[in-house]
$ cat query_37.txt   # compact mmCIF, C-alpha atoms
# COMPACT_ATOMS: atom_id res chain seq x y z
CA MET Z 68 36.96 -27.46 10.29
CA SER Z 69 38.95 -25.53 7.69
CA GLY Z 70 35.93 -23.80 6.18
CA ARG Z 71 33.32 -24.10 3.47
CA ASP Z 72 33.05 -22.23 0.18
CA VAL Z 73 29.71 -20.85 -0.94
CA ASP Z 74 28.52 -18.10 -3.26
CA VAL Z 75 26.07 -16.45 -0.84
CA VAL Z 76 25.63 -16.67 2.92
CA VAL Z 77 22.33 -15.52 4.42
CA ILE Z 78 22.50 -14.75 8.14
CA GLY Z 79 19.11 -15.26 9.74
CA ALA Z 80 16.10 -17.41 8.81
CA GLY Z 81 13.20 -15.22 9.79
CA GLN Z 82 10.84 -13.67 7.25
CA ALA Z 83 13.62 -11.70 5.54
CA GLY Z 84 16.09 -14.58 5.46
CA LEU Z 85 13.57 -17.11 4.13
CA SER Z 86 12.52 -14.66 1.44
CA ALA Z 87 16.14 -14.26 0.37
CA GLY Z 88 16.60 -18.02 0.39
CA TYR Z 89 13.58 -18.52 -1.83
CA PHE Z 90 14.77 -16.01 -4.42
CA LEU Z 91 18.34 -17.37 -4.33
CA GLY Z 92 16.99 -20.80 -5.23
CA ARG Z 93 14.80 -19.35 -7.98
CA SER Z 94 17.79 -17.44 -9.33
CA GLY Z 95 19.78 -20.63 -9.88
CA PHE Z 96 21.94 -20.81 -6.74
CA ALA Z 97 22.27 -24.41 -5.56
CA PRO Z 98 21.62 -25.30 -1.91
CA GLU Z 99 24.78 -25.69 0.19
CA THR Z 100 27.26 -24.82 -2.59
CA GLY Z 101 25.44 -21.80 -4.00
CA TYR Z 102 23.87 -20.55 -0.79
CA VAL Z 103 23.22 -21.38 2.85
CA LEU Z 104 21.16 -19.82 5.62
CA LEU Z 105 22.74 -19.60 9.08
CA ASP Z 106 20.20 -19.22 11.88
CA GLY Z 107 20.81 -18.77 15.58
CA GLY Z 108 17.44 -20.16 16.69
CA ASP Z 109 16.76 -23.64 18.03
CA GLY Z 110 14.04 -24.13 15.43
CA PRO Z 111 12.07 -22.40 12.66
CA GLY Z 112 10.14 -19.20 13.30
CA GLY Z 113 12.77 -16.49 13.56
CA ALA Z 114 12.00 -13.94 16.26
CA TRP Z 115 8.35 -14.99 16.25
CA ARG Z 116 9.18 -18.15 18.18
CA ASP Z 117 10.20 -15.93 21.12
CA ARG Z 118 6.98 -13.89 21.25
CA TRP Z 119 5.05 -14.19 24.48
CA PRO Z 120 2.55 -17.11 24.60
CA THR Z 121 -0.44 -14.84 25.23
CA LEU Z 122 0.10 -12.95 21.95
CA ARG Z 123 -2.67 -14.38 19.78
CA MET Z 124 -2.97 -14.06 16.03
CA SER Z 125 -5.99 -11.82 16.50
CA ALA Z 126 -3.71 -9.17 18.05
CA VAL Z 127 -1.04 -9.32 15.32
CA HIS Z 128 -1.15 -6.56 12.73
CA GLY Z 129 -0.45 -9.11 10.05
CA VAL Z 130 2.05 -11.70 8.86
CA HIS Z 131 2.59 -11.18 5.17
CA ASP Z 132 2.75 -14.31 3.03
CA LEU Z 133 6.21 -15.55 2.18
CA PRO Z 134 6.87 -15.72 -1.56
CA GLY Z 135 5.51 -18.86 -3.18
CA ARG Z 136 3.40 -20.11 -0.26
CA ALA Z 137 0.48 -18.40 1.46
CA LEU Z 138 -0.05 -18.57 5.20
CA GLY Z 139 -3.75 -19.18 4.61
CA GLU Z 140 -6.53 -19.02 7.16
CA VAL Z 141 -5.43 -19.38 10.78
CA ASP Z 142 -7.23 -19.68 14.09
CA PRO Z 143 -7.19 -16.15 15.57
CA ASP Z 144 -6.97 -17.62 19.08
CA ARG Z 145 -3.78 -19.59 18.42
CA PRO Z 146 -0.52 -18.16 19.82
CA ALA Z 147 1.33 -16.22 17.12
CA ALA Z 148 4.59 -17.95 18.04
CA GLU Z 149 3.11 -21.36 17.21
CA VAL Z 150 1.40 -20.28 13.99
CA VAL Z 151 4.44 -18.59 12.50
CA ALA Z 152 6.89 -21.29 13.59
CA ASP Z 153 4.72 -23.93 11.88
CA TYR Z 154 4.41 -21.77 8.77
CA PHE Z 155 8.15 -21.14 8.52
CA ALA Z 156 8.98 -24.82 9.16
CA GLY Z 157 6.69 -25.92 6.34
CA TYR Z 158 8.18 -23.29 4.08
CA GLU Z 159 11.74 -24.46 4.71
CA ARG Z 160 10.73 -28.03 3.89
CA GLU Z 161 8.70 -27.22 0.77
CA PHE Z 162 11.48 -25.23 -0.89
CA GLY Z 163 14.38 -27.29 0.44
CA LEU Z 164 16.10 -24.29 1.98
CA PRO Z 165 19.59 -25.16 3.34
CA VAL Z 166 19.13 -23.79 6.87
CA HIS Z 167 21.88 -24.57 9.40
CA ARG Z 168 20.86 -24.15 13.04
CA PRO Z 169 21.61 -23.35 15.71
CA VAL Z 170 24.55 -21.41 14.30
CA ASN Z 171 25.66 -18.18 15.97
CA VAL Z 172 27.69 -15.83 13.81
CA THR Z 173 30.49 -14.21 15.77
CA GLY Z 174 32.01 -12.01 13.08
CA VAL Z 175 32.26 -11.28 9.35
CA HIS Z 176 35.72 -10.42 8.07
CA ASP Z 177 37.22 -9.31 4.77
CA ARG Z 178 39.68 -11.63 3.05
CA ASP Z 179 42.61 -10.84 0.78
CA ASP Z 180 41.06 -12.84 -2.07
CA GLY Z 181 37.99 -10.58 -2.29
CA ARG Z 182 35.69 -12.88 -0.40
CA LEU Z 183 34.14 -12.54 3.04
CA GLU Z 184 34.76 -14.95 5.90
CA VAL Z 185 31.78 -15.66 8.13
CA ARG Z 186 32.99 -16.96 11.49
CA THR Z 187 30.55 -18.91 13.65
CA ASP Z 188 30.43 -21.27 16.60
CA ALA Z 189 29.96 -24.06 14.03
CA GLY Z 190 32.90 -23.28 11.77
CA ARG Z 191 33.66 -20.82 8.99
CA TRP Z 192 32.09 -20.07 5.63
CA ARG Z 193 33.90 -18.26 2.82
CA THR Z 194 31.46 -16.37 0.63
CA ARG Z 195 31.37 -14.02 -2.35
CA ALA Z 196 28.29 -12.15 -1.10
CA LEU Z 197 26.37 -11.76 2.13
CA VAL Z 198 22.71 -11.15 2.95
CA ASN Z 199 22.24 -10.06 6.54
CA ALA Z 200 18.73 -10.73 7.85
CA THR Z 201 19.23 -10.74 11.62
CA GLY Z 202 16.47 -8.28 12.47
CA THR Z 203 16.32 -6.65 15.90
CA TRP Z 204 14.69 -9.00 18.42
CA ARG Z 205 17.94 -10.17 19.99
CA HIS Z 206 19.18 -6.63 20.50
CA PRO Z 207 16.69 -5.00 22.91
CA PHE Z 208 17.26 -1.37 23.80
CA TRP Z 209 17.39 -0.44 27.49
CA PRO Z 210 17.51 3.30 28.23
CA TYR Z 211 19.18 4.50 31.40
CA TYR Z 212 17.60 6.67 34.10
CA PRO Z 213 19.26 7.83 37.33
CA GLY Z 214 18.93 5.33 40.13
CA GLN Z 215 18.07 2.45 37.82
CA GLU Z 216 20.63 0.15 39.39
CA SER Z 217 19.16 0.77 42.87
CA PHE Z 218 15.68 -0.56 42.06
CA ALA Z 219 14.84 -3.42 44.41
CA GLY Z 220 12.09 -4.84 42.24
CA ARG Z 221 12.21 -6.56 38.88
CA GLN Z 222 13.07 -4.92 35.55
CA LEU Z 223 12.40 -6.66 32.25
CA HIS Z 224 12.17 -5.84 28.57
CA THR Z 225 9.47 -6.71 26.06
CA ALA Z 226 11.78 -9.49 24.85
CA ASP Z 227 11.59 -11.11 28.32
CA TYR Z 228 7.79 -10.93 28.71
CA ARG Z 229 6.04 -14.31 28.95
CA GLY Z 230 2.50 -13.31 29.93
CA PRO Z 231 0.58 -11.46 32.65
CA ALA Z 232 0.27 -14.18 35.30
CA GLU Z 233 3.57 -13.35 37.01
CA PHE Z 234 2.40 -9.75 37.64
CA ALA Z 235 -0.62 -10.72 39.74
CA GLY Z 236 -0.91 -8.38 42.72
CA ARG Z 237 2.11 -6.34 41.64
CA ARG Z 238 2.40 -2.62 41.02
CA VAL Z 239 3.78 -2.19 37.51
CA VAL Z 240 5.22 0.66 35.45
CA VAL Z 241 5.05 0.12 31.69
CA VAL Z 242 7.49 2.31 29.74
CA GLY Z 243 7.01 2.91 26.02
CA GLY Z 244 4.65 4.34 23.45
CA GLY Z 245 4.48 1.58 20.85
CA THR Z 246 2.08 -1.21 20.07
CA SER Z 247 3.89 -3.73 22.28
CA ALA Z 248 3.72 -1.41 25.29
CA LEU Z 249 -0.02 -1.05 24.89
CA GLN Z 250 -0.54 -4.79 24.40
CA LEU Z 251 1.44 -5.58 27.55
CA LEU Z 252 -0.27 -2.82 29.53
CA ASP Z 253 -3.66 -4.23 28.54
CA GLU Z 254 -2.74 -7.73 29.69
CA ILE Z 255 -0.92 -6.77 32.87
CA ALA Z 256 -3.70 -4.45 34.03
CA THR Z 257 -6.08 -7.41 34.29
CA VAL Z 258 -4.07 -8.93 37.15
CA ALA Z 259 -1.88 -6.16 38.62
CA ALA Z 260 -2.58 -4.25 41.82
CA GLY Z 261 -1.89 -1.02 39.93
CA THR Z 262 -0.28 0.20 36.73
CA ARG Z 263 1.25 3.39 35.35
CA TRP Z 264 1.94 4.01 31.67
CA VAL Z 265 4.77 6.43 30.87
CA THR Z 266 6.24 7.63 27.57
CA ARG Z 267 8.87 10.16 26.52
CA ARG Z 268 6.48 11.95 24.18
CA PRO Z 269 2.68 12.18 24.18
CA PRO Z 270 1.52 9.37 21.89
CA VAL Z 271 -0.44 10.34 18.79
CA ILE Z 272 -3.23 7.92 17.96
CA VAL Z 273 -5.09 8.72 14.77
CA GLU Z 274 -8.42 7.63 13.33
CA GLY Z 275 -8.37 5.54 10.20
CA ALA Z 276 -6.84 2.28 9.11
CA TYR Z 277 -3.50 0.90 8.03
CA THR Z 278 -3.66 1.45 4.27
CA PRO Z 279 -1.10 0.70 1.53
CA GLU Z 280 -0.59 4.44 0.99
CA TRP Z 281 0.01 5.00 4.69
CA GLY Z 282 2.48 2.12 4.72
CA ARG Z 283 4.38 3.42 1.69
CA ALA Z 284 4.69 6.85 3.28
CA ALA Z 285 6.15 5.31 6.45
CA VAL Z 286 8.62 3.23 4.44
CA ALA Z 287 9.70 6.32 2.48
CA ARG Z 288 10.49 8.16 5.71
CA VAL Z 289 12.67 5.32 6.98
CA ASP Z 290 14.34 4.93 3.58
CA ALA Z 291 15.34 8.59 3.60
CA ARG Z 292 17.06 8.12 6.96
CA VAL Z 293 19.13 5.10 5.99
CA ARG Z 294 20.14 6.62 2.64
CA ALA Z 295 21.49 9.53 4.69
CA GLY Z 296 23.48 7.15 6.90
CA LEU Z 297 21.30 7.65 9.97
CA PRO Z 298 20.14 4.79 12.19
CA PRO Z 299 16.58 3.67 11.40
CA ALA Z 300 13.92 5.29 13.58
CA SER Z 301 11.67 3.23 15.84
CA VAL Z 302 8.64 1.58 14.29
CA VAL Z 303 6.17 3.81 16.10
CA ALA Z 304 8.10 6.91 15.03
CA ALA Z 305 7.69 5.87 11.41
CA THR Z 306 4.19 4.47 11.49
CA GLY Z 307 2.37 6.07 14.42
CA LEU Z 308 -0.60 4.45 16.14
CA VAL Z 309 -4.13 3.94 14.83
CA TRP Z 310 -7.25 3.58 16.94
CA THR Z 311 -8.32 -0.06 17.18
CA ASP Z 312 -11.13 -1.76 19.07
CA GLN Z 313 -8.58 -2.76 21.69
CA LEU Z 314 -7.38 0.81 22.21
CA ARG Z 315 -10.93 2.16 22.38
CA ARG Z 316 -11.73 -0.41 25.06
CA MET Z 317 -8.58 0.50 26.97
CA ARG Z 318 -9.52 4.18 26.79
CA ALA Z 319 -12.98 3.40 28.19
CA GLN Z 320 -11.34 1.46 31.04
CA GLY Z 321 -9.05 4.38 31.86
CA LEU Z 322 -5.89 2.51 30.89
CA LEU Z 323 -4.68 5.11 28.39
CA HIS Z 324 -3.91 7.73 31.02
CA ARG Z 325 -0.37 8.45 29.88
CA LEU Z 326 2.20 10.04 32.18
CA PRO Z 327 5.46 11.75 31.14
CA MET Z 328 8.75 10.04 31.85
CA PHE Z 329 9.86 9.91 35.45
CA ALA Z 330 13.04 11.74 36.44
CA ARG Z 331 14.63 8.98 38.48
CA ILE Z 332 14.23 5.49 39.86
CA THR Z 333 14.39 4.72 43.57
CA PRO Z 334 14.75 1.36 45.33
CA ASP Z 335 10.97 1.12 45.68
CA GLY Z 336 9.59 2.94 42.65
CA VAL Z 337 9.82 5.94 40.34
CA VAL Z 338 9.72 9.69 40.94
CA TRP Z 339 8.65 12.48 38.57
CA PRO Z 340 10.25 15.95 38.34
CA ASP Z 341 7.49 17.48 40.48
CA GLY Z 342 8.32 15.11 43.34
CA SER Z 343 5.33 12.82 42.94
CA GLY Z 344 6.03 9.12 42.83
CA PHE Z 345 4.68 5.63 42.35
CA ALA Z 346 5.67 2.66 44.49
CA ALA Z 347 6.44 -0.10 42.01
CA ASP Z 348 7.37 -3.75 42.16
CA VAL Z 349 8.13 -4.09 38.44
CA ILE Z 350 9.28 -1.87 35.58
CA VAL Z 351 8.59 -3.18 32.08
CA TRP Z 352 10.75 -1.51 29.44
CA CYS Z 353 8.87 -1.60 26.11
CA THR Z 354 11.53 0.61 24.60
CA GLY Z 355 12.15 -1.11 21.32
CA PHE Z 356 15.07 -2.79 19.67
CA ARG Z 357 18.13 -1.91 17.64
CA ALA Z 358 19.45 -3.67 14.55
CA ALA Z 359 21.49 -6.73 15.51
CA LEU Z 360 24.61 -5.95 13.48
CA ASP Z 361 27.50 -6.35 15.92
CA HIS Z 362 28.89 -9.28 13.95
CA LEU Z 363 29.41 -6.95 10.96
CA ALA Z 364 31.63 -4.58 12.98
CA PRO Z 365 34.91 -5.93 11.48
CA LEU Z 366 33.77 -4.65 8.06
CA ARG Z 367 33.54 -1.06 9.34
CA LEU Z 368 30.30 -0.31 7.54
CA ARG Z 369 28.96 2.40 9.85
CA GLY Z 370 29.34 6.01 8.78
CA PRO Z 371 29.70 9.28 10.71
CA GLY Z 372 25.93 9.50 11.16
CA GLY Z 373 25.91 6.36 13.30
CA GLY Z 374 24.08 4.28 10.71
CA ILE Z 375 24.97 2.37 7.57
CA VAL Z 376 24.49 4.24 4.31
CA MET Z 377 22.14 2.18 2.15
CA ASP Z 378 21.00 2.18 -1.45
CA GLY Z 379 17.96 -0.06 -1.34
CA THR Z 380 19.25 -3.23 0.33
CA ARG Z 381 22.86 -2.72 -0.74
CA VAL Z 382 25.46 -1.30 1.64
CA VAL Z 383 27.06 1.60 -0.22
CA ALA Z 384 30.45 1.00 1.41
CA ASP Z 385 30.56 -2.67 0.31
CA ASP Z 386 28.43 -3.91 -2.57
CA ARG Z 387 28.96 -7.54 -1.50
CA VAL Z 388 26.79 -6.92 1.56
CA HIS Z 389 23.00 -6.52 1.60
CA LEU Z 390 20.86 -5.79 4.63
CA ILE Z 391 17.24 -6.90 4.62
CA GLY Z 392 14.88 -6.57 7.53
CA TYR Z 393 16.78 -3.32 8.18
CA GLY Z 394 15.41 0.17 7.73
CA PRO Z 395 12.62 0.32 5.14
CA SER Z 396 12.51 -3.48 4.80
CA ALA Z 397 11.90 -4.05 8.54
CA SER Z 398 8.36 -5.35 8.00
CA THR Z 399 6.95 -8.63 6.77
CA ILE Z 400 5.93 -7.26 3.37
CA GLY Z 401 9.08 -5.12 3.10
CA ALA Z 402 11.27 -8.14 3.80
CA ASN Z 403 9.81 -10.05 0.85
CA ARG Z 404 10.42 -7.23 -1.59
CA ALA Z 405 13.89 -6.67 -0.19
CA GLY Z 406 14.78 -10.35 -0.58
CA ARG Z 407 13.92 -10.25 -4.27
CA SER Z 408 15.81 -7.01 -4.81
CA ALA Z 409 18.93 -8.16 -2.95
CA VAL Z 410 19.15 -11.42 -4.89
CA ARG Z 411 18.73 -9.63 -8.21
CA GLU Z 412 21.67 -7.34 -7.41
CA ILE Z 413 23.82 -10.19 -6.08
CA ARG Z 414 23.18 -12.22 -9.22
CA ARG Z 415 24.37 -9.31 -11.36
CA LEU Z 416 27.42 -8.73 -9.15
CA LEU Z 417 28.56 -12.34 -9.21
CA ASP Z 418 27.85 -12.83 -12.90
CA ALA Z 419 30.04 -9.82 -13.66
CA ALA Z 420 32.96 -11.33 -11.74
CA PRO Z 421 32.81 -15.13 -12.02
CA ALA Z 422 34.64 -17.11 -9.37
CA PRO Z 423 37.79 -19.01 -10.41
CA ALA Z 424 37.49 -22.78 -10.61
CA GLU Z 425 39.56 -23.15 -7.46
CA MET Z 426 39.18 -20.28 -5.00
CA PRO Z 427 42.16 -19.84 -2.68
CA ARG Z 428 41.59 -20.77 0.94
$ encode --input "query_37.txt" --output "structure tokens"
Amino acid sequence: MSGRDVDVVVIGAGQAGLSAGYFLGRSGFAPETGYVLLDGGDGPGGAWRDRWPTLRMSAVHGVHDLPGRALGEVDPDRPAAEVVADYFAGYEREFGLPVHRPVNVTGVHDRDDGRLEVRTDAGRWRTRALVNATGTWRHPFWPYYPGQESFAGRQLHTADYRGPAEFAGRRVVVVGGGTSALQLLDEIATVAAGTRWVTRRPPVIVEGAYTPEWGRAAVARVDARVRAGLPPASVVAATGLVWTDQLRRMRAQGLLHRLPMFARITPDGVVWPDGSGFAADVIVWCTGFRAALDHLAPLRLRGPGGGIVMDGTRVVADDRVHLIGYGPSASTIGANRAGRSAVREIRRLLDAAPAPAEMPR
């Protein structure tokens, strides 16, 4: 097709994208002509629909309510992927959000007429402003260690994990110091022949609880990085770990015996600098994710620091572009606030420069 004209394109329909869609509708943008949401998933739920089936709601730190509709009470034993997918699906229906899926965005390009062109596998959209809400789940980070390609066993990332059953009788190395690494280690250890937990730095687990003040301090640290044009730090680097009942149980079971990173990988396992080793069948890389922004590369938004300089949700280099679910808004509550903020700025931007009656194609 030749293309469609719209005021605002939102890329992604996870928590951040749905929040933006809600506030766009409340701000007077009409579905389809005023705004659309382009989502690469096969159905509602964003990245949550890809979480492993054994991740129950009881183990989730929290899913913040989307604006205008509360999640409500949920069965703590239900899989998180099911709960959130159902919640997001109901939300899309209730507010009539114009979600197009599955639509994979291949690139966003500047146009001579001042608009942006969003190219996808389902056609092209011409837009006056863009909200990028693609998150990180589809961009897993795999570090490299010498000998990695020689490993005869299986290597997988958190994003590939589907539950512990397939690790029965296996010897497993879990790499990573974040919450996901510990959740997977806990599950895998119940069926594996042996496990080792390794991290680059000794993890710091503190007493206390996740409080609003603690959360605001973590967000402020991430915000300072992106305002300086640096890539956002990992979640655990910003938030740290807090002792939970699960972690105390794991400590009592001896599962929190952390080892430093190995020096190299061999065909049948891993070896540390002192020459000691562990014969492994599987290496699970719980090494985090990076922002999924490759489709924005044609706009040349990245600065010398390797990141994108931000002012709130707005990209400093291009005030037509807002990133939510990136940096300080990469949390369920942060995404909601960012959606409201981004739409407020976009409304001001577009009102200051009204579109002509017939925009050139």
$ atom_distance --input "query_37.txt" --atom1 "CA of Thr187 in chain Z" --atom2 "CA of Leu297 in chain Z"
28.4 Å
$ closest_atom_pairs --input "query_37.txt" --of "range 113-156 of chain Z" --to "range 240-250 of chain Z" --cutoff "12 Å" --atoms "only C-alpha atoms" --output "JSON lines"
{"residue": "Z:Arg118", "atom": "CA", "partner": "Z:Ser247", "partner_atom": "CA", "distance": 10.7}
{"residue": "Z:Trp119", "atom": "CA", "partner": "Z:Ser247", "partner_atom": "CA", "distance": 10.8}
{"residue": "Z:Thr121", "atom": "CA", "partner": "Z:Gln250", "partner_atom": "CA", "distance": 10.1}
{"residue": "Z:Leu122", "atom": "CA", "partner": "Z:Gln250", "partner_atom": "CA", "distance": 8.5}
{"residue": "Z:Arg123", "atom": "CA", "partner": "Z:Gln250", "partner_atom": "CA", "distance": 10.9}
{"residue": "Z:Ser125", "atom": "CA", "partner": "Z:Gln250", "partner_atom": "CA", "distance": 11.9}
{"residue": "Z:Ala126", "atom": "CA", "partner": "Z:Gln250", "partner_atom": "CA", "distance": 8.3}
{"residue": "Z:Val127", "atom": "CA", "partner": "Z:Thr246", "partner_atom": "CA", "distance": 9.9}
{"residue": "Z:His128", "atom": "CA", "partner": "Z:Thr246", "partner_atom": "CA", "distance": 9.6}
$ closest_residue --input "query_37.txt" --among "Z:Trp352, Z:Trp204, Z:Phe162, Z:Trp264" --to "Gly392 in chain Z" --atoms "all atoms listed in the file"
Z:Trp204
$ closest_residue --input "query_37.txt" --among "Z:Pro334, Z:Pro146, Z:Gly379, Z:Gly374" --to "Pro213 in chain Z" --atoms "only C-alpha atoms"
Z:Pro334
$ atom_distance --input "query_37.txt" --atom1 "CA of Pro165 in chain Z" --atom2 "CA of Val103 in chain Z"
5.3 Å
$ residues_near_point --input "query_37.txt" --point "(24.4, -26.7, -3.8)" --cutoff "12 Å" --atoms "all atoms listed in the file" --output "list in words"
Arg71, Asp72, Val73, Asp74, Val75, Leu91, Gly92, Gly95, Phe96, Ala97, Pro98, Glu99, Thr100, Gly101, Tyr102, Val103, Gly163, Leu164 and Pro165 of chain Z
$ residues_around --input "query_37.txt" --residues "Pro111 in chain Z" --least-positions-apart "5" --cutoff "8 Å" --atoms "all atoms listed in the file" --output "PyMOL selection string"
chain Z and resi 80-81+116+152-153+155-156
$ residues_near_point --input "query_37.txt" --point "(-6.5, 0.8, 33.4)" --cutoff "10 Å" --atoms "all atoms listed in the file" --output "list in words"
Leu252, Asp253, Ile255, Ala256, Thr257, Ala259, Gly261, Thr262, Arg263, Trp264, Arg316, Met317, Arg318, Ala319, Gln320, Gly321, Leu322, Leu323 and His324 of chain Z
